[in-house]
>>> print(open('target.cif').read())   # mmCIF, C-alpha atoms
data_data
loop_
_atom_site.label_atom_id
_atom_site.label_comp_id
_atom_site.auth_asym_id
_atom_site.auth_seq_id
_atom_site.Cartn_x
_atom_site.Cartn_y
_atom_site.Cartn_z
CA MET X 1 0.00 0.00 0.00
CA SER X 2 1.49 3.28 -1.01
CA LEU X 3 1.44 6.29 1.25
CA SER X 4 -0.55 8.32 -1.23
CA THR X 5 -3.52 5.94 -1.04
CA LEU X 6 -3.79 6.24 2.72
CA GLY X 7 -5.52 9.58 2.62
CA ARG X 8 -4.37 13.11 3.11
CA ASP X 9 -3.74 12.82 6.84
CA LEU X 10 -0.60 10.90 6.08
CA SER X 11 2.25 12.84 4.60
CA PRO X 12 0.77 13.51 1.14
CA THR X 13 2.75 13.21 -2.05
CA PRO X 14 4.47 16.57 -2.31
CA VAL X 15 3.53 18.84 -5.22
CA VAL X 16 7.06 20.18 -5.33
CA GLU X 17 10.13 18.60 -3.87
CA GLY X 18 13.85 19.32 -3.88
CA ARG X 19 16.27 16.61 -2.73
CA SER X 20 19.83 17.42 -1.68
CA LEU X 21 20.08 20.37 -4.03
CA VAL X 22 23.51 21.81 -4.75
CA LYS X 23 24.01 24.96 -6.77
CA SER X 24 27.03 27.24 -7.12
CA PHE X 25 27.58 30.43 -9.05
CA GLY X 26 31.20 30.32 -10.15
CA ARG X 27 33.01 29.50 -6.95
CA THR X 28 30.26 30.84 -4.72
CA PRO X 29 28.10 28.07 -3.27
CA ALA X 30 24.42 29.02 -2.93
CA LEU X 31 22.82 25.69 -2.11
CA ASN X 32 24.66 22.97 -0.28
CA GLY X 33 22.39 19.93 0.06
CA ALA X 34 19.02 21.67 0.47
CA SER X 35 15.95 19.43 0.73
CA VAL X 36 12.34 20.56 0.97
CA ARG X 37 8.88 19.12 0.34
CA VAL X 38 5.82 21.22 -0.37
CA SER X 39 2.42 19.61 0.21
CA PRO X 40 -0.65 20.22 -1.97
CA ALA X 41 -2.45 23.53 -1.25
CA GLU X 42 0.10 24.40 1.40
CA VAL X 43 1.49 27.92 1.80
CA LEU X 44 5.14 27.33 2.64
CA ALA X 45 7.29 30.24 3.73
CA VAL X 46 11.00 29.98 3.00
CA MET X 47 12.86 32.32 5.30
CA GLY X 48 16.49 33.15 5.77
CA PRO X 49 18.95 36.02 5.78
CA SER X 50 20.23 37.65 2.58
CA GLY X 51 22.61 35.36 0.74
CA SER X 52 21.37 32.23 2.56
CA GLY X 53 20.27 30.65 -0.73
CA LYS X 54 16.51 30.98 -0.33
CA SER X 55 15.91 32.62 -3.72
CA THR X 56 18.22 30.12 -5.42
CA LEU X 57 16.14 27.34 -3.85
CA LEU X 58 12.96 28.87 -5.28
CA HIS X 59 14.56 29.23 -8.72
CA CYS X 60 15.64 25.57 -8.67
CA LEU X 61 12.22 24.31 -7.55
CA ALA X 62 10.54 26.43 -10.23
CA GLY X 63 12.78 25.15 -13.03
CA ILE X 64 14.40 28.53 -13.67
CA PHE X 65 17.79 27.23 -12.54
CA VAL X 66 19.04 23.68 -12.98
CA PRO X 67 20.84 22.45 -9.86
CA ASP X 68 24.45 21.19 -10.14
CA ALA X 69 23.43 18.13 -8.15
CA GLY X 70 20.31 16.79 -6.48
CA GLU X 71 16.81 16.20 -7.78
CA VAL X 72 13.75 18.37 -8.35
CA TYR X 73 10.24 16.92 -8.61
CA PHE X 74 6.91 18.39 -9.63
CA ASP X 75 3.82 16.20 -9.15
CA GLY X 76 6.08 13.19 -8.73
CA GLN X 77 7.93 13.81 -12.02
CA ARG X 78 11.60 14.68 -12.16
CA THR X 79 11.96 18.15 -13.71
CA ASP X 80 15.67 18.98 -13.40
CA ARG X 81 16.50 16.65 -16.31
CA LEU X 82 14.01 18.24 -18.69
CA GLY X 83 15.34 20.39 -21.52
CA GLU X 84 14.94 24.15 -21.52
CA THR X 85 11.87 24.01 -23.78
CA ALA X 86 10.03 21.53 -21.56
CA ARG X 87 10.90 23.46 -18.42
CA SER X 88 9.76 26.68 -20.02
CA GLN X 89 6.46 25.03 -20.94
CA LEU X 90 6.09 23.81 -17.34
CA ARG X 91 6.72 27.31 -15.99
CA ARG X 92 4.09 28.76 -18.34
CA THR X 93 1.33 26.24 -17.66
CA ASP X 94 1.72 24.86 -14.15
CA PHE X 95 3.56 27.62 -12.31
CA GLY X 96 2.77 31.23 -11.51
CA PHE X 97 5.36 33.82 -10.49
CA LEU X 98 5.22 36.89 -8.31
CA PHE X 99 8.39 38.89 -7.75
CA GLN X 100 9.33 42.05 -5.94
CA PHE X 101 8.96 44.20 -9.05
CA GLY X 102 9.58 44.49 -12.76
CA GLN X 103 7.11 41.92 -13.98
CA LEU X 104 4.43 44.10 -15.60
CA VAL X 105 4.64 45.74 -19.00
CA PRO X 106 4.12 49.42 -18.15
CA GLU X 107 2.89 50.43 -21.62
CA LEU X 108 0.06 47.88 -21.50
CA THR X 109 -3.18 48.24 -19.56
CA VAL X 110 -4.05 46.34 -16.40
CA GLU X 111 -6.30 43.99 -18.42
CA ASP X 112 -3.64 43.45 -21.09
CA ASN X 113 -1.11 42.51 -18.44
CA ILE X 114 -3.43 40.03 -16.73
CA ALA X 115 -4.48 38.48 -20.06
CA LEU X 116 -0.90 38.16 -21.27
CA PRO X 117 -0.09 34.68 -19.87
CA LEU X 118 -3.28 33.31 -21.44
CA LEU X 119 -2.57 34.95 -24.83
CA LEU X 120 0.98 33.60 -24.79
CA GLY X 121 -0.46 30.18 -23.97
CA GLY X 122 -2.58 30.36 -27.14
CA ARG X 123 -5.96 31.14 -25.55
CA PRO X 124 -8.36 33.01 -27.92
CA ARG X 125 -8.31 36.74 -27.33
CA ARG X 126 -11.95 36.96 -26.25
CA ASP X 127 -11.56 34.19 -23.67
CA ALA X 128 -8.32 35.59 -22.36
CA TYR X 129 -9.80 39.05 -21.78
CA ALA X 130 -12.98 37.65 -20.21
CA ALA X 131 -10.83 35.67 -17.78
CA ALA X 132 -8.63 38.67 -17.08
CA ARG X 133 -11.66 40.87 -16.36
CA SER X 134 -13.11 38.28 -13.98
CA TRP X 135 -10.06 38.76 -11.76
CA LEU X 136 -10.41 42.53 -11.40
CA PRO X 137 -13.13 42.54 -8.69
CA ARG X 138 -11.41 39.75 -6.76
CA LEU X 139 -8.41 42.05 -6.36
CA GLY X 140 -10.31 45.28 -5.81
CA LEU X 141 -9.17 46.55 -9.21
CA ASP X 142 -12.65 47.01 -10.73
CA ASP X 143 -12.12 50.52 -12.07
CA LEU X 144 -8.53 50.11 -13.18
CA GLY X 145 -8.87 47.63 -16.05
CA SER X 146 -8.08 50.12 -18.79
CA ARG X 147 -5.34 52.02 -16.97
CA ARG X 148 -1.74 51.55 -18.03
CA THR X 149 0.19 49.68 -15.35
CA GLY X 150 2.86 52.37 -15.55
CA GLU X 151 0.28 54.73 -14.05
CA VAL X 152 -0.99 52.69 -11.11
CA SER X 153 0.44 52.73 -7.58
CA GLY X 154 2.95 50.18 -6.29
CA GLY X 155 0.34 48.28 -4.30
CA GLU X 156 -2.11 48.23 -7.21
CA GLY X 157 0.65 47.09 -9.53
CA GLN X 158 1.46 44.21 -7.21
CA ARG X 159 -2.20 43.20 -7.15
CA VAL X 160 -2.19 43.21 -10.96
CA ALA X 161 0.94 41.05 -10.87
CA LEU X 162 -0.83 38.66 -8.48
CA ALA X 163 -3.79 38.37 -10.86
CA ARG X 164 -1.40 37.75 -13.73
CA ALA X 165 0.36 35.04 -11.74
CA LEU X 166 -2.92 33.25 -11.01
CA VAL X 167 -5.01 33.86 -14.16
CA HIS X 168 -3.95 30.60 -15.86
CA GLN X 169 -4.78 28.67 -12.64
CA PRO X 170 -1.32 27.33 -11.96
CA LYS X 171 -0.79 24.46 -9.55
CA VAL X 172 2.03 26.31 -7.78
CA LEU X 173 2.61 30.00 -7.13
CA PHE X 174 6.25 30.94 -6.57
CA ALA X 175 6.49 34.27 -4.79
CA ASP X 176 9.89 35.86 -4.12
CA GLU X 177 9.71 38.79 -1.66
CA PRO X 178 6.28 39.78 -3.07
CA THR X 179 5.93 42.71 -0.66
CA GLY X 180 9.57 43.75 -0.76
CA SER X 181 8.95 47.10 -2.41
CA LEU X 182 5.75 47.98 -0.52
CA ASP X 183 5.07 49.74 2.79
CA SER X 184 3.61 47.58 5.58
CA LEU X 185 -0.05 48.42 5.07
CA THR X 186 0.07 47.90 1.30
CA GLY X 187 2.11 44.73 1.83
CA GLU X 188 -0.55 43.39 4.21
CA ILE X 189 -3.25 43.94 1.60
CA VAL X 190 -1.23 42.04 -1.02
CA MET X 191 -0.50 39.17 1.41
CA GLU X 192 -4.14 38.99 2.51
CA LEU X 193 -5.20 38.67 -1.15
CA LEU X 194 -2.44 36.22 -1.95
CA VAL X 195 -3.42 33.89 0.88
CA SER X 196 -7.19 34.12 0.46
CA LEU X 197 -7.11 33.73 -3.34
CA THR X 198 -4.69 30.80 -3.34
CA ARG X 199 -6.77 29.10 -0.62
CA GLU X 200 -9.89 29.56 -2.75
CA GLU X 201 -8.13 28.19 -5.82
CA GLY X 202 -6.32 25.41 -3.96
CA THR X 203 -3.00 26.72 -5.27
CA THR X 204 0.20 25.59 -3.56
CA VAL X 205 2.44 28.52 -2.61
CA VAL X 206 6.19 28.73 -2.14
CA LEU X 207 6.81 32.11 -0.54
CA VAL X 208 10.36 33.38 -0.14
CA THR X 209 10.73 36.23 2.33
CA HIS X 210 13.10 37.60 4.93
CA GLU X 211 10.24 39.30 6.75
CA ALA X 212 8.64 37.43 9.65
CA ARG X 213 5.41 39.38 9.28
CA VAL X 214 5.04 38.14 5.71
CA ALA X 215 6.03 34.58 6.62
CA ALA X 216 3.39 34.64 9.36
CA TYR X 217 0.74 34.30 6.62
CA SER X 218 1.99 30.80 5.77
CA ASP X 219 0.89 27.37 6.97
CA ARG X 220 4.45 26.26 7.60
CA MET X 221 7.91 27.79 7.56
CA VAL X 222 11.37 26.55 6.79
CA LEU X 223 14.62 28.38 7.28
CA VAL X 224 17.47 28.39 4.78
CA ARG X 225 20.86 28.74 6.39
CA ASP X 226 24.19 28.38 4.60
CA GLY X 227 22.50 26.71 1.64
CA GLN X 228 20.65 24.13 3.70
CA VAL X 229 17.05 23.88 4.84
CA THR X 230 16.23 23.60 8.51
CA LEU X 231 12.79 23.39 10.02
CA ALA X 232 11.80 26.62 11.67
CA GLU X 233 9.37 24.76 13.88
CA PRO X 234 8.98 21.25 15.22
CA PRO X 235 7.57 18.78 12.68
CA PRO X 236 4.04 17.48 13.31
CA ALA X 237 3.75 14.24 15.25
CA PRO X 238 4.17 11.28 12.89
CA ALA X 239 0.85 9.94 11.65
CA VAL X 240 0.33 6.21 12.11
CA ALA X 241 -2.18 4.30 10.03
CA ALA X 242 -3.99 1.37 11.62
CA ASP X 243 -2.66 -1.09 9.07
CA GLY X 244 -0.08 0.95 7.25
CA PRO X 245 3.45 2.11 7.70
CA VAL X 246 4.43 5.17 9.66
CA ALA X 247 4.64 8.25 7.45
CA GLN X 248 8.16 9.11 6.45
CA PRO X 249 9.50 12.14 8.29
CA HIS X 250 10.34 15.09 6.12
CA PRO X 251 13.96 14.86 5.14
CA GLN X 252 14.80 18.23 6.62
CA SER X 253 13.48 17.21 10.04
CA LEU X 254 16.53 14.98 10.33
CA THR X 255 18.96 17.80 9.88
CA ARG X 256 18.42 19.29 13.31
CA MET V 1 -3.12 47.88 31.04
CA SER V 2 -3.96 50.36 33.74
CA VAL V 3 -7.55 49.57 34.77
CA PRO V 4 -8.36 52.67 36.89
CA VAL V 5 -7.36 55.27 34.32
CA THR V 6 -8.97 53.24 31.52
CA LEU V 7 -12.28 53.19 33.41
CA LEU V 8 -11.86 56.92 34.00
CA GLY V 9 -11.35 57.35 30.26
CA LEU V 10 -14.55 55.47 29.52
CA LEU V 11 -16.38 57.67 32.03
CA LYS V 12 -14.97 60.79 30.36
CA ARG V 13 -17.15 59.82 27.41
CA GLU V 14 -20.39 59.70 29.46
CA SER V 15 -21.50 58.71 32.93
CA SER V 16 -22.23 54.99 33.06
CA TYR V 17 -23.28 52.02 35.17
CA GLY V 18 -20.58 49.65 36.36
CA TYR V 19 -21.99 46.92 34.15
CA ASP V 20 -21.66 49.06 31.01
CA LEU V 21 -18.10 50.00 31.94
CA LYS V 22 -17.16 46.37 32.33
CA ARG V 23 -18.76 45.48 28.98
CA ASP V 24 -16.93 48.28 27.16
CA TYR V 25 -13.66 47.45 28.88
CA ASP V 26 -13.93 43.81 27.84
CA THR V 27 -14.82 44.79 24.27
CA TYR V 28 -11.94 47.18 23.73
CA PHE V 29 -9.24 46.19 26.19
CA GLY V 30 -10.03 42.71 27.49
CA TRP V 31 -8.47 40.79 24.60
CA GLY V 32 -10.13 37.57 25.65
CA ARG V 33 -9.69 38.20 29.37
CA ALA V 34 -12.81 39.61 31.00
CA LEU V 35 -12.48 42.09 33.85
CA PRO V 36 -14.12 40.58 36.99
CA PHE V 37 -17.12 42.52 38.32
CA GLY V 38 -15.48 42.64 41.73
CA GLN V 39 -12.51 44.48 40.30
CA VAL V 40 -14.74 46.97 38.48
CA TYR V 41 -16.61 47.91 41.67
CA ALA V 42 -13.49 47.92 43.87
CA THR V 43 -11.78 50.22 41.37
CA LEU V 44 -14.81 52.51 41.12
CA SER V 45 -15.10 52.86 44.90
CA ARG V 46 -11.36 53.69 45.17
CA LEU V 47 -11.79 56.29 42.44
CA ALA V 48 -14.81 57.70 44.33
CA ARG V 49 -12.81 57.81 47.56
CA ASP V 50 -10.06 59.78 45.76
CA GLY V 51 -12.61 62.20 44.37
CA LYS V 52 -12.07 61.20 40.72
CA VAL V 53 -15.58 59.88 40.17
CA SER V 54 -18.89 60.52 41.88
CA ALA V 55 -21.48 57.82 42.42
CA GLY V 56 -25.12 58.70 41.87
CA GLN V 57 -28.11 57.59 43.94
CA VAL V 58 -29.07 53.92 43.84
CA GLU V 59 -31.87 53.77 41.29
CA PRO V 60 -34.89 51.53 41.70
CA GLY V 61 -35.09 48.38 39.58
CA ALA V 62 -33.75 44.88 39.24
CA GLY V 63 -30.14 43.83 38.74
CA PRO V 64 -27.06 44.07 40.88
CA ASP V 65 -26.04 47.53 39.81
CA ARG V 66 -28.29 50.55 39.84
CA LYS V 67 -25.68 53.20 40.49
CA ARG V 68 -24.53 55.57 37.80
CA TYR V 69 -20.96 56.85 37.98
CA ALA V 70 -19.75 60.20 36.64
CA ILE V 71 -16.24 61.57 36.25
CA THR V 72 -15.24 64.60 38.35
CA GLU V 73 -13.09 67.57 37.36
CA LEU V 74 -10.11 65.93 39.08
CA GLY V 75 -10.70 62.62 37.28
CA ALA V 76 -11.04 64.37 33.92
CA ARG V 77 -7.71 66.18 34.47
CA GLU V 78 -6.04 62.84 35.23
CA VAL V 79 -7.32 61.31 31.98
CA GLU V 80 -6.13 64.29 29.92
CA GLU V 81 -2.72 64.17 31.58
CA TRP V 82 -2.44 60.41 31.08
CA LEU V 83 -3.33 60.67 27.40
CA ARG V 84 -0.65 63.32 26.87
CA THR V 85 2.17 61.45 28.61
CA PRO V 86 4.31 59.00 26.63
CA ILE V 87 4.92 55.66 28.32
CA GLU V 88 8.40 54.60 29.41
CA PRO V 89 10.02 52.95 26.38
CA GLU V 90 10.86 49.69 28.10
CA PRO V 91 11.67 46.60 26.08
CA HIS V 92 10.87 43.97 28.73
CA LEU V 93 11.03 40.80 26.73
CA GLN V 94 14.26 41.75 25.06
CA THR V 95 16.11 41.90 28.40
CA LEU V 96 14.92 38.36 29.12
CA LEU V 97 16.10 37.16 25.73
CA PHE V 98 19.39 38.92 26.34
CA SER V 99 19.87 37.27 29.75
CA LYS V 100 19.22 33.82 28.32
CA VAL V 101 21.74 34.28 25.52
CA VAL V 102 24.49 35.66 27.75
CA LEU V 103 23.92 33.07 30.49
CA SER V 104 23.97 30.26 27.90
CA LEU V 105 27.34 31.50 26.65
CA ILE V 106 28.77 31.94 30.16
CA LEU V 107 27.68 28.41 31.06
CA GLY V 108 29.08 27.03 27.81
CA ARG V 109 25.68 25.96 26.47
CA SER V 110 24.57 26.30 22.87
CA ALA V 111 23.03 29.74 22.57
CA ARG V 112 22.23 28.92 18.97
CA THR V 113 19.97 26.06 20.02
CA TYR V 114 18.17 28.38 22.42
CA LEU V 115 17.81 31.07 19.73
CA ASP V 116 16.39 28.50 17.29
CA THR V 117 13.81 27.37 19.81
CA GLN V 118 12.91 30.96 20.62
CA ARG V 119 12.64 31.84 16.94
CA ALA V 120 10.28 28.92 16.35
CA ALA V 121 8.12 29.99 19.30
CA HIS V 122 8.01 33.60 18.09
CA LEU V 123 7.17 32.62 14.52
CA GLU V 124 4.42 30.28 15.65
CA ARG V 125 2.86 33.00 17.79
CA MET V 126 3.11 35.47 14.92
CA ARG V 127 1.29 33.01 12.70
CA GLN V 128 -1.51 32.59 15.24
CA LEU V 129 -1.83 36.36 15.61
CA THR V 130 -1.89 36.84 11.83
CA GLU V 131 -4.61 34.21 11.44
CA LEU V 132 -6.56 35.85 14.24
CA ARG V 133 -6.12 39.29 12.80
CA ARG V 134 -7.42 38.18 9.41
CA SER V 135 -10.83 37.50 10.97
CA ALA V 136 -10.75 40.21 13.66
CA ASP V 137 -12.49 43.58 13.59
CA SER V 138 -10.30 46.62 13.17
CA VAL V 139 -9.91 47.33 16.91
CA ASP V 140 -8.76 43.78 17.71
CA ALA V 141 -6.56 43.91 14.63
CA LEU V 142 -4.90 47.02 16.04
CA LEU V 143 -3.86 45.13 19.17
CA ALA V 144 -2.72 42.10 17.16
CA ASP V 145 -0.60 44.43 14.99
CA HIS V 146 1.03 45.88 18.07
CA ALA V 147 1.94 42.39 19.30
CA LEU V 148 3.15 41.39 15.82
CA PHE V 149 5.50 44.35 15.51
CA HIS V 150 6.99 43.63 18.94
CA LEU V 151 7.54 39.98 18.14
CA GLU V 152 9.09 40.99 14.83
CA ALA V 153 11.51 43.30 16.63
CA ASP V 154 12.56 40.41 18.89
CA LEU V 155 13.06 38.22 15.84
CA ARG V 156 15.30 40.76 14.18
CA TRP V 157 17.37 40.87 17.33
CA ILE V 158 17.49 37.05 17.40
CA ASP V 159 18.73 36.93 13.79
CA LEU V 160 21.35 39.58 14.40
CA THR V 161 22.53 37.93 17.60
CA GLU V 162 22.84 34.60 15.87
CA ALA V 163 24.96 36.16 13.15
CA ARG V 164 27.28 37.66 15.78
CA LEU V 165 27.28 34.75 18.21
CA ALA V 166 30.93 33.83 17.71
CA ALA V 167 32.12 37.38 18.42
CA ILE V 168 29.87 37.69 21.47
CA ALA V 169 31.11 34.34 22.86
CA LYS V 170 34.71 35.51 22.44
CA THR V 171 34.06 38.70 24.41
CA ILE V 172 32.30 36.80 27.18
CA ASN V 173 35.09 34.21 27.42
CA ARG V 174 37.63 36.99 27.79
CA HIS V 175 35.63 38.46 30.69
CA GLU V 176 35.30 35.05 32.28
CA GLU V 177 39.04 34.37 32.08
CA VAL V 178 39.90 37.64 33.77
CA GLN V 179 37.57 36.93 36.66
CA PRO V 180 38.62 33.87 38.67
#
>>> encode(input="target.cif", output="C-alpha cells")
Amino acid sequence: MSLSTLGRDLSPTPVVEGRSLVKSFGRTPALNGASVRVSPAEVLAVMGPSGSGKSTLLHCLAGIFVPDAGEVYFDGQRTDRLGETARSQLRRTDFGFLFQFGQLVPELTVEDNIALPLLLGGRPRRDAYAAARSWLPRLGLDDLGSRRTGEVSGGEGQRVALARALVHQPKVLFADEPTGSLDSLTGEIVMELLVSLTREEGTTVVLVTHEARVAAYSDRMVLVRDGQVTLAEPPPAPAVAADGPVAQPHPQSLTR
Amino acid sequence: MSVPVTLLGLLKRESSYGYDLKRDYDTYFGWGRALPFGQVYATLSRLARDGKVSAGQVEPGAGPDRKRYAITELGAREVEEWLRTPIEPEPHLQTLLFSKVVLSLILGRSARTYLDTQRAAHLERMRQLTELRRSADSVDALLADHALFHLEADLRWIDLTEARLAAIAKTINRHEEVQP
C-alpha cells in the first residue's frame, strides 16, 4: 500500500520537492544539500537572511535554474532533467510567479497585463480578456482595467501582478519577496489577497521572504541557512495508520 | 493595562453604570480576558474615595447595579494628563532574551539552540496572531498588529545575535578568564 492511497492525513505526495540540491555560481556556493517538500495547497514560507540561498532554492524548484546536483520533482515527475523548452512550458502552464517588481509591461493596460499569460499560452483573445476581467473585482481593481500599469500605484501594480500570476490557474505560485517594495499596510493587503485567493483556488504557494510578518501568513515555515534547509518549527507528530506504515518524516526534520 | 485610568477614560465619554463600563472594557481592552465585576466595583469605589468619580443615587429596579458613575473635574484632568504622557520605552522581553543568551554563553551551552527554539516559538505566535487578525475587527486587529510588531523586533534581534554569536562568545570568554 502506497502512502498516497492512505488519505491526506498521512504525509501527502508533495507537489514540489527538492532533494539534496547543490548549486554554485562560479566558486560561490548558494545551495549545499538543500531538501524541501511542499504539500498540496500548502502555503510554505522559505525564510532566511540575505545570501542564505533561499531565492536560489525557489529558482531551482521552479525550473528557472538547474541544480548542479540533487533532484527536483513536480507532481512526482523529475523536472531537473528536462530540456529548456520543456521546463519553459512547465513554468508557463503549471507555475505562476510573483516577484518584488519588474514583472508588468508598463505600456500595456491592467487587463492586457493580466491576459498576457493566457494569450501567450494560445488562448483566444476573447476568452483571455474575459478571464482577465473576472479577476479585477477579486483584487479590488474594478475601475482600473483600462489604466496603463505604468500609471498605477505600487500596491495596485502588485495586485495586478498577483492576478497575472494566477489567471492561468497554476498548480504552484512561486512568490519571491512579493511585498519587498511595498510599505507595511500595502504589503498586508497584497498578502491577505495572496493567501485568500490561493486558498480559494487550492494553489500551492512557495513564498520566499526575509520578513517574519510576511512569513506569518503561511501554513508552515522553513529556514534556509548556509545553503541548507532547517525546520523553523517542530515537525508534526508522525501519523500512524492502523494497518499501514508510519509516514516518512520530512527529510529536513533529520537535519536538526 | 492600567484599569483605573482606563475606566476613567470610559467615564470621560459619558456617565455609566458599572456593568456598562465592564462590557466596554472587555470589548476594547479585554483581549479575551474579561475584567471581573469585583474588580470593576473595587476600582470605582477607590476612584470615588479619591474624588475622581462621583457615584449617583441607587436607582430603583432589578439587577445588581443601579448606580450611575460620573467623572469629576479631578478625574477628567487625570485622563487628559495620562493621554498626553508617553509611556516609558521599556523593552521587557528583550532583556529576558538577552539574559538567556548571555547566560547560555557563560555556562558554555549552545546559545544557537536556544535562539532557534525561541525563533520557532516567536514565529508560531506570529502566525496565530496573523490568522486571528485576518478574521478580527479593526480594533482587535490594532492590538494584534502591536503584538506582531513587537515579536518581529525580537526576531530581528534574534537573527542579528545569531549572526554575531561567535564574536559575542569571544568577548564573554575573555571576561570570564579575567575573573577567577
>>> resolve_selection(input="target.cif", expression="the PyMOL selection byres ((chain X) within 12 of (chain V))", output="ChimeraX atom specification")
/X:45,47-50,52,184-185,188-189,191-193,195-196,210-223,225-226,230-235,256
>>> write_last_selection(input="target.cif", atoms="C-alpha atoms", output="PDB file, in the frame of the given file")
ATOM      1  CA  ALA X  45       7.290  30.240   3.730  1.00  0.00           C
ATOM      2  CA  MET X  47      12.860  32.320   5.300  1.00  0.00           C
ATOM      3  CA  GLY X  48      16.490  33.150   5.770  1.00  0.00           C
ATOM      4  CA  PRO X  49      18.950  36.020   5.780  1.00  0.00           C
ATOM      5  CA  SER X  50      20.230  37.650   2.580  1.00  0.00           C
ATOM      6  CA  SER X  52      21.370  32.230   2.560  1.00  0.00           C
ATOM      7  CA  SER X 184       3.610  47.580   5.580  1.00  0.00           C
ATOM      8  CA  LEU X 185      -0.050  48.420   5.070  1.00  0.00           C
ATOM      9  CA  GLU X 188      -0.550  43.390   4.210  1.00  0.00           C
ATOM     10  CA  ILE X 189      -3.250  43.940   1.600  1.00  0.00           C
ATOM     11  CA  MET X 191      -0.500  39.170   1.410  1.00  0.00           C
ATOM     12  CA  GLU X 192      -4.140  38.990   2.510  1.00  0.00           C
ATOM     13  CA  LEU X 193      -5.200  38.670  -1.150  1.00  0.00           C
ATOM     14  CA  VAL X 195      -3.420  33.890   0.880  1.00  0.00           C
ATOM     15  CA  SER X 196      -7.190  34.120   0.460  1.00  0.00           C
ATOM     16  CA  HIS X 210      13.100  37.600   4.930  1.00  0.00           C
ATOM     17  CA  GLU X 211      10.240  39.300   6.750  1.00  0.00           C
ATOM     18  CA  ALA X 212       8.640  37.430   9.650  1.00  0.00           C
ATOM     19  CA  ARG X 213       5.410  39.380   9.280  1.00  0.00           C
ATOM     20  CA  VAL X 214       5.040  38.140   5.710  1.00  0.00           C
ATOM     21  CA  ALA X 215       6.030  34.580   6.620  1.00  0.00           C
ATOM     22  CA  ALA X 216       3.390  34.640   9.360  1.00  0.00           C
ATOM     23  CA  TYR X 217       0.740  34.300   6.620  1.00  0.00           C
ATOM     24  CA  SER X 218       1.990  30.800   5.770  1.00  0.00           C
ATOM     25  CA  ASP X 219       0.890  27.370   6.970  1.00  0.00           C
ATOM     26  CA  ARG X 220       4.450  26.260   7.600  1.00  0.00           C
ATOM     27  CA  MET X 221       7.910  27.790   7.560  1.00  0.00           C
ATOM     28  CA  VAL X 222      11.370  26.550   6.790  1.00  0.00           C
ATOM     29  CA  LEU X 223      14.620  28.380   7.280  1.00  0.00           C
ATOM     30  CA  ARG X 225      20.860  28.740   6.390  1.00  0.00           C
ATOM     31  CA  ASP X 226      24.190  28.380   4.600  1.00  0.00           C
ATOM     32  CA  THR X 230      16.230  23.600   8.510  1.00  0.00           C
ATOM     33  CA  LEU X 231      12.790  23.390  10.020  1.00  0.00           C
ATOM     34  CA  ALA X 232      11.800  26.620  11.670  1.00  0.00           C
ATOM     35  CA  GLU X 233       9.370  24.760  13.880  1.00  0.00           C
ATOM     36  CA  PRO X 234       8.980  21.250  15.220  1.00  0.00           C
ATOM     37  CA  PRO X 235       7.570  18.780  12.680  1.00  0.00           C
ATOM     38  CA  ARG X 256      18.420  19.290  13.310  1.00  0.00           C
TER      39      ARG X 256
END
>>> resolve_selection(input="target.cif", expression="the PyMOL selection byres ((chain V and resi 176) around 12)", output="compact mmCIF listing (two decimals) with C-alpha atoms, in the coordinates of the input")
# COMPACT_ATOMS: atom_id res chain seq x y z
CA VAL V 102 24.49 35.66 27.75
CA LEU V 103 23.92 33.07 30.49
CA LEU V 105 27.34 31.50 26.65
CA ILE V 106 28.77 31.94 30.16
CA LEU V 107 27.68 28.41 31.06
CA GLY V 108 29.08 27.03 27.81
CA ALA V 169 31.11 34.34 22.86
CA LYS V 170 34.71 35.51 22.44
CA THR V 171 34.06 38.70 24.41
CA ILE V 172 32.30 36.80 27.18
CA ASN V 173 35.09 34.21 27.42
CA ARG V 174 37.63 36.99 27.79
CA HIS V 175 35.63 38.46 30.69
CA GLU V 177 39.04 34.37 32.08
CA VAL V 178 39.90 37.64 33.77
CA GLN V 179 37.57 36.93 36.66
CA PRO V 180 38.62 33.87 38.67
>>> resolve_selection(input="target.cif", expression="the PyMOL selection byres ((chain X and resi 180) around 9)", output="list in words")
Phe99, Gln100, Phe101, Asp176, Glu177, Pro178, Thr179, Ser181, Leu182, Asp183, Gly187, Thr209 and Glu211 of chain X
>>> write_last_selection(input="target.cif", atoms="C-alpha atoms", output="compact mmCIF listing (two decimals), keeping the file's coordinate frame")
# COMPACT_ATOMS: atom_id res chain seq x y z
CA PHE X 99 8.39 38.89 -7.75
CA GLN X 100 9.33 42.05 -5.94
CA PHE X 101 8.96 44.20 -9.05
CA ASP X 176 9.89 35.86 -4.12
CA GLU X 177 9.71 38.79 -1.66
CA PRO X 178 6.28 39.78 -3.07
CA THR X 179 5.93 42.71 -0.66
CA SER X 181 8.95 47.10 -2.41
CA LEU X 182 5.75 47.98 -0.52
CA ASP X 183 5.07 49.74 2.79
CA GLY X 187 2.11 44.73 1.83
CA THR X 209 10.73 36.23 2.33
CA GLU X 211 10.24 39.30 6.75
>>> residues_around(input="target.cif", residues="stretch 95-99 of chain V", least_positions_apart="4", cutoff="10 Å", atoms="all atoms listed in the file", output="list in words")
Glu90, Pro91, Leu103, Ser104, Leu105, Tyr114, Leu115, Gln118, Asp154, Trp157, Ile158 and Thr161 of chain V
>>> atom_distance(input="target.cif", atom1="atom CA of X:Arg78", atom2="atom CA of X:Val206")
18.1 Å
>>> build_atoms(input="target.cif", residues="stretch 208-212 of chain X", atoms="N, CA and C atoms", output="PDB file, in the coordinates of the input")
ATOM      1  N   VAL X 208       9.035  33.041  -0.668  1.00  0.00           N
ATOM      2  CA  VAL X 208      10.360  33.380  -0.140  1.00  0.00           C
ATOM      3  C   VAL X 208      10.301  34.783   0.451  1.00  0.00           C
ATOM      4  N   THR X 209      10.725  34.912   1.701  1.00  0.00           N
ATOM      5  CA  THR X 209      10.730  36.230   2.330  1.00  0.00           C
ATOM      6  C   THR X 209      11.735  36.282   3.471  1.00  0.00           C
ATOM      7  N   HIS X 210      12.270  37.458   3.738  1.00  0.00           N
ATOM      8  CA  HIS X 210      13.100  37.600   4.930  1.00  0.00           C
ATOM      9  C   HIS X 210      12.308  38.254   6.047  1.00  0.00           C
ATOM     10  N   GLU X 211      11.045  38.586   5.760  1.00  0.00           N
ATOM     11  CA  GLU X 211      10.240  39.300   6.750  1.00  0.00           C
ATOM     12  C   GLU X 211       9.318  38.346   7.511  1.00  0.00           C
ATOM     13  N   ALA X 212       9.443  38.334   8.824  1.00  0.00           N
ATOM     14  CA  ALA X 212       8.640  37.430   9.650  1.00  0.00           C
ATOM     15  C   ALA X 212       7.154  37.743   9.523  1.00  0.00           C
TER      16      ALA X 212
END
